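K.L.:
Contents are mmCIF, C-alpha atoms; file name model.cif:
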data_input
#
loop_
_atom_site.group_PDB
_atom_site.id
_atom_site.type_symbol
_atom_site.label_atom_id
_atom_site.label_comp_id
_atom_site.auth_asym_id
_atom_site.auth_seq_id
_atom_site.Cartn_x
_atom_site.Cartn_y
_atom_site.Cartn_z
ATOM 1 C CA MET N 118 118.405 143.710 173.880
ATOM 2 C CA ASN N 119 115.301 142.497 172.138
ATOM 3 C CA PRO N 120 114.361 138.805 172.556
ATOM 4 C CA LYS N 121 115.351 138.332 168.940
ATOM 5 C CA GLU N 122 118.198 140.446 167.632
ATOM 6 C CA THR N 123 119.937 140.555 164.307
ATOM 7 C CA SER N 124 123.266 142.249 163.961
ATOM 8 C CA ASN N 125 126.660 142.080 162.320
ATOM 9 C CA SER N 126 128.098 143.940 165.286
ATOM 10 C CA VAL N 127 131.333 142.701 166.785
ATOM 11 C CA GLU N 128 130.170 144.327 170.051
ATOM 12 C CA ILE N 129 127.708 141.470 170.602
ATOM 13 C CA ILE N 130 130.505 138.947 170.143
ATOM 14 C CA ASN N 131 132.890 140.834 172.407
ATOM 15 C CA HIS N 132 130.136 141.184 174.986
ATOM 16 C CA TYR N 133 129.200 137.483 175.151
ATOM 17 C CA LEU N 134 132.541 135.795 174.414
ATOM 18 C CA PRO N 135 135.797 136.293 176.316
ATOM 19 C CA HIS N 136 137.778 135.067 173.296
ATOM 20 C CA ARG N 137 140.003 137.414 171.321
ATOM 21 C CA VAL N 138 142.203 136.916 168.289
ATOM 22 C CA PRO N 139 143.759 134.415 167.665
ATOM 23 C CA MET N 140 141.172 132.243 169.525
ATOM 24 C CA LEU N 141 138.044 134.089 168.392
ATOM 25 C CA MET N 142 136.233 131.873 165.849
ATOM 26 C CA VAL N 143 133.097 134.004 165.280
ATOM 27 C CA ASP N 144 133.083 137.133 163.085
ATOM 28 C CA SER N 145 129.429 138.133 163.159
ATOM 29 C CA VAL N 146 126.087 137.206 164.646
ATOM 30 C CA LEU N 147 123.243 137.021 162.139
ATOM 31 C CA GLU N 148 120.550 136.106 164.641
ATOM 32 C CA ILE N 149 120.340 135.400 168.364
ATOM 33 C CA ASP N 150 117.521 134.751 170.813
ATOM 34 C CA ASP N 151 116.956 132.577 173.901
ATOM 35 C CA GLU N 152 116.972 129.313 171.949
ATOM 36 C CA LYS N 153 119.067 129.748 168.824
ATOM 37 C CA VAL N 154 121.973 131.604 167.291
ATOM 38 C CA ILE N 155 123.423 131.860 163.791
ATOM 39 C CA THR N 156 127.002 133.034 163.299
ATOM 40 C CA VAL N 157 129.444 133.597 160.444
ATOM 41 C CA PHE N 158 133.202 133.063 160.403
ATOM 42 C CA GLU N 159 135.717 133.654 157.611
ATOM 43 C CA ILE N 160 138.698 131.301 157.706
ATOM 44 C CA LYS N 161 141.675 133.535 156.973
ATOM 45 C CA THR N 162 145.298 132.778 156.220
ATOM 46 C CA GLY N 163 147.197 132.621 159.510
ATOM 47 C CA ASN N 164 144.355 131.074 161.524
ATOM 48 C CA ILE N 165 145.820 128.892 164.266
ATOM 49 C CA PHE N 166 143.596 125.970 163.239
ATOM 50 C CA LEU N 167 144.833 125.787 159.653
ATOM 51 C CA GLN N 168 146.813 122.807 158.447
ATOM 52 C CA LYS N 169 147.809 122.543 154.783
ATOM 53 C CA LYS N 170 145.228 125.247 153.958
ATOM 54 C CA PHE N 171 142.379 123.329 155.641
ATOM 55 C CA PHE N 172 140.501 124.396 158.791
ATOM 56 C CA ILE N 173 141.043 121.345 161.001
ATOM 57 C CA GLU N 174 138.595 119.522 163.260
ATOM 58 C CA ALA N 175 139.628 121.412 166.410
ATOM 59 C CA GLY N 176 138.793 124.698 164.688
ATOM 60 C CA LEU N 177 135.352 123.484 163.672
ATOM 61 C CA ILE N 178 134.662 122.323 167.230
ATOM 62 C CA GLU N 179 135.895 125.628 168.700
ATOM 63 C CA ASN N 180 133.673 127.571 166.269
ATOM 64 C CA MET N 181 130.704 125.398 167.294
ATOM 65 C CA ALA N 182 131.415 125.840 171.014
ATOM 66 C CA GLN N 183 131.726 129.626 170.760
ATOM 67 C CA THR N 184 128.534 129.836 168.723
ATOM 68 C CA CYS N 185 126.642 127.571 171.141
ATOM 69 C CA SER N 186 127.825 129.354 174.273
ATOM 70 C CA MET N 187 126.375 132.663 173.122
ATOM 71 C CA ILE N 188 122.812 131.388 173.669
ATOM 72 C CA VAL N 189 123.226 130.783 177.404
ATOM 73 C CA ALA N 190 126.121 133.118 178.237
ATOM 74 C CA LYS N 191 124.086 136.161 177.239
ATOM 75 C CA ASP N 192 121.786 135.523 180.228
ATOM 76 C CA TYR N 193 124.720 136.386 182.505
ATOM 77 C CA PHE N 194 125.314 139.723 180.755
ATOM 78 C CA ILE N 195 121.740 141.039 180.400
ATOM 79 C CA ASP N 196 119.241 141.489 183.238
ATOM 80 C CA GLU N 197 115.465 140.906 183.191
ATOM 81 C CA ASN N 198 114.974 144.492 181.915
ATOM 82 C CA LYS N 199 117.306 143.792 178.973
ATOM 83 C CA GLU N 200 119.978 146.081 180.457
ATOM 84 C CA ASP N 201 123.692 145.303 180.654
ATOM 85 C CA LYS N 202 124.853 143.892 183.983
ATOM 86 C CA PRO N 203 128.052 145.519 185.310
ATOM 87 C CA ASP N 204 131.264 143.648 186.181
ATOM 88 C CA VAL N 205 130.289 140.246 184.808
ATOM 89 C CA ASP N 206 132.945 137.531 185.044
ATOM 90 C CA VAL N 207 132.029 134.164 183.530
ATOM 91 C CA ILE N 208 133.978 131.185 182.284
ATOM 92 C CA GLY N 209 132.709 128.441 180.046
ATOM 93 C CA PHE N 210 133.912 125.211 178.530
ATOM 94 C CA ILE N 211 132.710 122.104 176.734
ATOM 95 C CA SER N 212 131.778 119.538 179.367
ATOM 96 C CA ALA N 213 130.749 116.844 176.868
ATOM 97 C CA ILE N 214 130.502 116.231 173.163
ATOM 98 C CA LYS N 215 127.528 113.911 172.837
ATOM 99 C CA THR N 216 127.679 113.470 169.064
ATOM 100 C CA LEU N 217 129.997 114.793 166.386
ATOM 101 C CA LYS N 218 130.099 113.989 162.705
ATOM 102 C CA ILE N 219 132.581 115.808 160.494
ATOM 103 C CA HIS N 220 131.644 115.556 156.838
ATOM 104 C CA SER N 221 134.268 117.833 155.304
ATOM 105 C CA LEU N 222 136.993 120.323 156.221
ATOM 106 C CA PRO N 223 136.719 123.810 154.716
ATOM 107 C CA GLN N 224 139.685 125.478 153.075
ATOM 108 C CA VAL N 225 141.268 128.813 153.863
ATOM 109 C CA ASP N 226 139.172 131.773 152.622
ATOM 110 C CA SER N 227 135.927 129.831 153.169
ATOM 111 C CA VAL N 228 133.093 131.564 154.992
ATOM 112 C CA ILE N 229 131.275 129.201 157.329
ATOM 113 C CA ASN N 230 127.814 129.618 158.806
ATOM 114 C CA THR N 231 127.083 127.948 162.154
ATOM 115 C CA ARG N 232 123.561 127.367 163.473
ATOM 116 C CA ALA N 233 122.923 126.300 167.048
ATOM 117 C CA GLN N 234 119.655 125.310 168.711
ATOM 118 C CA LEU N 235 119.158 124.907 172.471
ATOM 119 C CA VAL N 236 118.025 121.401 173.473
ATOM 120 C CA SER N 237 117.963 121.798 177.269
ATOM 121 C CA LYS N 238 119.406 123.917 180.044
ATOM 122 C CA PHE N 239 119.812 123.861 183.776
ATOM 123 C CA ILE N 240 120.487 127.215 185.443
ATOM 124 C CA SER N 241 121.537 127.826 189.041
ATOM 125 C CA GLU N 242 122.724 131.057 190.662
ATOM 126 C CA SER N 243 126.367 130.291 189.931
ATOM 127 C CA TYR N 244 126.437 128.083 186.836
ATOM 128 C CA SER N 245 124.536 126.786 183.826
ATOM 129 C CA LEU N 246 124.623 123.487 181.976
ATOM 130 C CA CYS N 247 123.143 123.497 178.518
ATOM 131 C CA THR N 248 122.879 120.974 175.724
ATOM 132 C CA ILE N 249 122.895 122.408 172.224
ATOM 133 C CA LYS N 250 122.644 120.940 168.726
ATOM 134 C CA CYS N 251 124.787 122.594 166.116
ATOM 135 C CA LYS N 252 125.440 122.444 162.371
ATOM 136 C CA THR N 253 128.096 124.243 160.357
ATOM 137 C CA PHE N 254 127.860 124.899 156.630
ATOM 138 C CA ASN N 255 130.070 126.225 153.844
ATOM 139 C CA ALA N 256 127.422 127.646 151.491
ATOM 140 C CA ASP N 257 124.973 124.694 151.232
ATOM 141 C CA GLU N 258 127.547 122.030 152.134
ATOM 142 C CA LEU N 259 127.134 120.524 155.609
ATOM 143 C CA LEU N 260 130.607 120.430 157.175
ATOM 144 C CA VAL N 261 129.930 119.246 160.714
ATOM 145 C CA GLU N 262 126.988 118.449 162.966
ATOM 146 C CA GLY N 263 126.841 117.545 166.594
ATOM 147 C CA GLU N 264 125.464 117.995 170.057
ATOM 148 C CA MET N 265 127.477 119.284 172.991
ATOM 149 C CA THR N 266 126.976 120.189 176.617
ATOM 150 C CA LEU N 267 128.498 123.426 177.851
ATOM 151 C CA PHE N 268 129.280 124.460 181.417
ATOM 152 C CA ILE N 269 129.153 128.206 182.099
ATOM 153 C CA GLN N 270 130.037 129.534 185.548
ATOM 154 C CA ASN N 271 129.526 132.936 187.106
ATOM 155 C CA ASN N 272 132.787 133.737 188.910
ATOM 156 C CA ASN N 273 131.196 136.629 190.823
ATOM 157 C CA SER N 274 128.842 134.476 192.912
#
Kindly transcribe the structure held in the file into structure tokens.
P.N.:
Amino acid sequence: MNPKETSNSVEIINHYLPHRVPMLMVDSVLEIDDEKVITVFEIKTGNIFLQKKFFIEAGLIENMAQTCSMIVAKDYFIDENKEDKPDVDVIGFISAIKTLKIHSLPQVDSVINTRAQLVSKFISESYSLCTIKCKTFNADELLVEGEMTLFIQNNNS
């Protein structure tokens, strides 16, 4: 993979995220590199985070977490020669939400755009801790902004 890649390919998502429907909250990756990622997600009828036709707070947070984790998780899947690593088994979760401000909840059929920027990271042989700032938009409307710390562990070490 190039240091900066643009793609609408679901293969990137499936490669870097273990989530599958109904928990997958990213449809496409517009841009990804070592410090930032931009994703798109369409909120469809039947989404598990819908309540009265609104995408609830937990859904926005899950979308942010999945978007953010792609920045650091990709390092576990690609080697220094930009080749796929075989038999990768990682797990990740939110270890802290430092700040979170929800401005508005999007409705069903909205297409949201989530932008994440790496603030800091600590990487060991078996796990990574990273702090990432994130903002989610519906067109030009800011829906949510925050900063979270993610823990990603290599289960093969």
K.L.:
So which residues get picked by the PyMOL selection byres ((chain N and resi 180) around 12) here, written as a short mmCIF file (atom, residue, chain, number, x, y, z; two decimals) with C-alpha atoms, in the coordinates of the input?
P.N.:
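What follows is the written file out_13.cif:
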data_model
loop_
_atom_site.label_atom_id
_atom_site.label_comp_id
_atom_site.auth_asym_id
_atom_site.auth_seq_id
_atom_site.Cartn_x
_atom_site.Cartn_y
_atom_site.Cartn_z
CA LEU N 134 132.54 135.79 174.41
CA HIS N 136 137.78 135.07 173.30
CA MET N 140 141.17 132.24 169.52
CA LEU N 141 138.04 134.09 168.39
CA MET N 142 136.23 131.87 165.85
CA VAL N 143 133.10 134.00 165.28
CA ASP N 144 133.08 137.13 163.08
CA SER N 145 129.43 138.13 163.16
CA ILE N 155 123.42 131.86 163.79
CA THR N 156 127.00 133.03 163.30
CA VAL N 157 129.44 133.60 160.44
CA PHE N 158 133.20 133.06 160.40
CA GLU N 159 135.72 133.65 157.61
CA ILE N 160 138.70 131.30 157.71
CA PHE N 166 143.60 125.97 163.24
CA PHE N 172 140.50 124.40 158.79
CA ILE N 173 141.04 121.34 161.00
CA GLU N 174 138.60 119.52 163.26
CA ALA N 175 139.63 121.41 166.41
CA GLY N 176 138.79 124.70 164.69
CA LEU N 177 135.35 123.48 163.67
CA ILE N 178 134.66 122.32 167.23
CA GLU N 179 135.90 125.63 168.70
CA MET N 181 130.70 125.40 167.29
CA ALA N 182 131.42 125.84 171.01
CA GLN N 183 131.73 129.63 170.76
CA THR N 184 128.53 129.84 168.72
CA CYS N 185 126.64 127.57 171.14
CA SER N 186 127.82 129.35 174.27
CA MET N 187 126.38 132.66 173.12
CA ILE N 211 132.71 122.10 176.73
CA VAL N 228 133.09 131.56 154.99
CA ILE N 229 131.28 129.20 157.33
CA ASN N 230 127.81 129.62 158.81
CA THR N 231 127.08 127.95 162.15
CA ARG N 232 123.56 127.37 163.47
CA ALA N 233 122.92 126.30 167.05
CA CYS N 251 124.79 122.59 166.12
CA LYS N 252 125.44 122.44 162.37
CA THR N 253 128.10 124.24 160.36
CA PHE N 254 127.86 124.90 156.63
CA LEU N 260 130.61 120.43 157.18
CA VAL N 261 129.93 119.25 160.71
CA GLU N 262 126.99 118.45 162.97
#
K.L.:
What is the CA of Lys153 (chain N)-CA of Asp226 (chain N) distance in Å, reported with one decimal?
P.N.:
25.9 Å
K.L.:
Work out how far apart CA of Phe239 (chain N) and CA of Thr216 (chain N) are and give it in Å to one decimal.
P.N.:
19.7 Å
K.L.:
Which residue, N:Thr248, N:Ser227, N:Asn164, N:Gln270, has the smallest gap to Ala213 (chain N) when you use only C-alpha atoms?
P.N.:
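Among N:Thr248, N:Ser227, N:Asn164, N:Gln270, it is N:Thr248 that comes nearest to Ala213 (chain N).
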K.L.:
Grab the CA of Phe268 (chain N) to CA of Lys250 (chain N) distance for me, in Å with one decimal place.
P.N.:
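Value for the CA of Phe268 (chain N)-CA of Lys250 (chain N) distance: 14.7 Å.
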K.L.:
With 8 Å as the threshold, what does the neighbourhood of (124.0, 124.3, 181.4) contain in terms of residues, counting all atoms listed in the file? Coordinates are those of the file; answer as a ChimeraX atom specification.
P.N.:
/N:189,237-240,244-248,266-269
K.L.:
For the file shown, report as a list in words the outcome of the PyMOL selection byres ((chain N and resi 205) around 8) at residue level.
P.N.:
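Expected selection for the PyMOL selection byres ((chain N and resi 205) around 8) here is Tyr193, Phe194, Lys202, Pro203, Asp204, Asp206, Val207, Asn271 and Asn273 of chain N.
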K.L.:
Around region 179-198 of chain N, with edges along x, y and z and 5 Å added on all six sides, what centre and edge lengths do you get, in Å to one decimal, as AutoDock Vina command-line options?
P.N.:
--center_x 125.4 --center_y 134.9 --center_z 174.8 --size_x 30.9 --size_y 29.1 --size_z 27.0
K.L.:
Go through N:Ala190, N:Glu148, N:Asn255, N:Glu264 and flag the residue nearest Gln224 (chain N), using all atoms listed in the file for the distances.
P.N.:
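Using all atoms listed in the file, the shortest distance to Gln224 (chain N) belongs to N:Asn255.
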K.L.:
With distances taken over only C-alpha atoms, which residue among N:Asn198, N:Leu259, N:Val225, N:Ile219 lies nearest Lys170 (chain N)?
P.N.:
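Of N:Asn198, N:Leu259, N:Val225, N:Ile219, the one nearest Lys170 (chain N) is N:Val225, counting only C-alpha atoms.
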K.L.:
Rebuild region 151-176 of chain N to N, CA, C and O atoms - output it as a compact mmCIF listing (two decimals), keeping the file's coordinate frame, please.
P.N.:
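Contents of result-v1.txt, freshly written:
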# COMPACT_ATOMS: atom_id res chain seq x y z
N ASP N 151 116.77 133.45 172.74
CA ASP N 151 116.96 132.58 173.90
C ASP N 151 117.15 131.11 173.55
O ASP N 151 117.55 130.33 174.41
N GLU N 152 116.88 130.73 172.31
CA GLU N 152 116.97 129.31 171.95
C GLU N 152 117.83 129.02 170.73
O GLU N 152 118.11 127.85 170.46
N LYS N 153 118.24 130.03 170.00
CA LYS N 153 119.07 129.75 168.82
C LYS N 153 119.99 130.91 168.52
O LYS N 153 119.77 132.04 168.95
N VAL N 154 121.03 130.59 167.75
CA VAL N 154 121.97 131.60 167.29
C VAL N 154 122.52 131.15 165.94
O VAL N 154 122.67 129.95 165.69
N ILE N 155 122.79 132.11 165.08
CA ILE N 155 123.42 131.86 163.79
C ILE N 155 124.61 132.80 163.68
O ILE N 155 124.46 134.02 163.85
N THR N 156 125.79 132.23 163.40
CA THR N 156 127.00 133.03 163.30
C THR N 156 127.70 132.79 161.97
O THR N 156 127.44 131.80 161.28
N VAL N 157 128.64 133.69 161.65
CA VAL N 157 129.44 133.60 160.44
C VAL N 157 130.91 133.74 160.84
O VAL N 157 131.25 134.53 161.73
N PHE N 158 131.76 132.98 160.16
CA PHE N 158 133.20 133.06 160.40
C PHE N 158 133.95 132.85 159.10
O PHE N 158 133.71 131.88 158.39
N GLU N 159 134.86 133.79 158.79
CA GLU N 159 135.72 133.65 157.61
C GLU N 159 137.05 133.06 158.04
O GLU N 159 137.72 133.58 158.94
N ILE N 160 137.44 131.98 157.39
CA ILE N 160 138.70 131.30 157.71
C ILE N 160 139.81 131.98 156.92
O ILE N 160 139.90 131.83 155.70
N LYS N 161 140.63 132.74 157.62
CA LYS N 161 141.68 133.54 156.97
C LYS N 161 143.04 132.88 157.10
O LYS N 161 143.30 132.12 158.04
N THR N 162 143.91 133.21 156.16
CA THR N 162 145.30 132.78 156.22
C THR N 162 145.88 133.20 157.56
O THR N 162 145.64 134.32 158.02
N GLY N 163 146.61 132.32 158.21
CA GLY N 163 147.20 132.62 159.51
C GLY N 163 146.37 132.13 160.69
O GLY N 163 146.81 132.20 161.84
N ASN N 164 145.17 131.62 160.44
CA ASN N 164 144.35 131.07 161.52
C ASN N 164 145.12 129.94 162.21
O ASN N 164 145.75 129.12 161.54
N ILE N 165 145.05 129.89 163.52
CA ILE N 165 145.82 128.89 164.27
C ILE N 165 145.33 127.47 164.05
O ILE N 165 146.03 126.51 164.38
N PHE N 166 144.13 127.31 163.49
CA PHE N 166 143.60 125.97 163.24
C PHE N 166 143.72 125.55 161.77
O PHE N 166 143.01 124.65 161.33
N LEU N 167 144.60 126.18 161.04
CA LEU N 167 144.83 125.79 159.65
C LEU N 167 145.96 124.77 159.58
O LEU N 167 146.98 124.90 160.26
N GLN N 168 145.77 123.78 158.73
CA GLN N 168 146.81 122.81 158.45
C GLN N 168 146.71 122.47 156.96
O GLN N 168 145.67 121.99 156.50
N LYS N 169 147.77 122.76 156.24
CA LYS N 169 147.81 122.54 154.78
C LYS N 169 146.61 123.20 154.11
O LYS N 169 145.94 122.60 153.27
N LYS N 170 146.30 124.42 154.52
CA LYS N 170 145.23 125.25 153.96
C LYS N 170 143.82 124.73 154.25
O LYS N 170 142.85 125.15 153.64
N PHE N 171 143.69 123.81 155.21
CA PHE N 171 142.38 123.33 155.64
C PHE N 171 142.16 123.71 157.10
O PHE N 171 143.07 123.64 157.93
N PHE N 172 140.93 124.10 157.43
CA PHE N 172 140.50 124.40 158.79
C PHE N 172 140.24 123.05 159.46
O PHE N 172 139.31 122.33 159.11
N ILE N 173 141.07 122.69 160.42
CA ILE N 173 141.04 121.34 161.00
C ILE N 173 139.88 121.15 161.98
O ILE N 173 139.18 122.10 162.34
N GLU N 174 139.71 119.92 162.40
CA GLU N 174 138.60 119.52 163.26
C GLU N 174 138.51 120.36 164.53
O GLU N 174 137.41 120.77 164.93
N ALA N 175 139.63 120.62 165.17
CA ALA N 175 139.63 121.41 166.41
C ALA N 175 139.07 122.81 166.17
O ALA N 175 138.38 123.36 167.03
N GLY N 176 139.33 123.39 165.02
CA GLY N 176 138.79 124.70 164.69
C GLY N 176 137.29 124.67 164.51
O GLY N 176 136.57 125.56 164.96
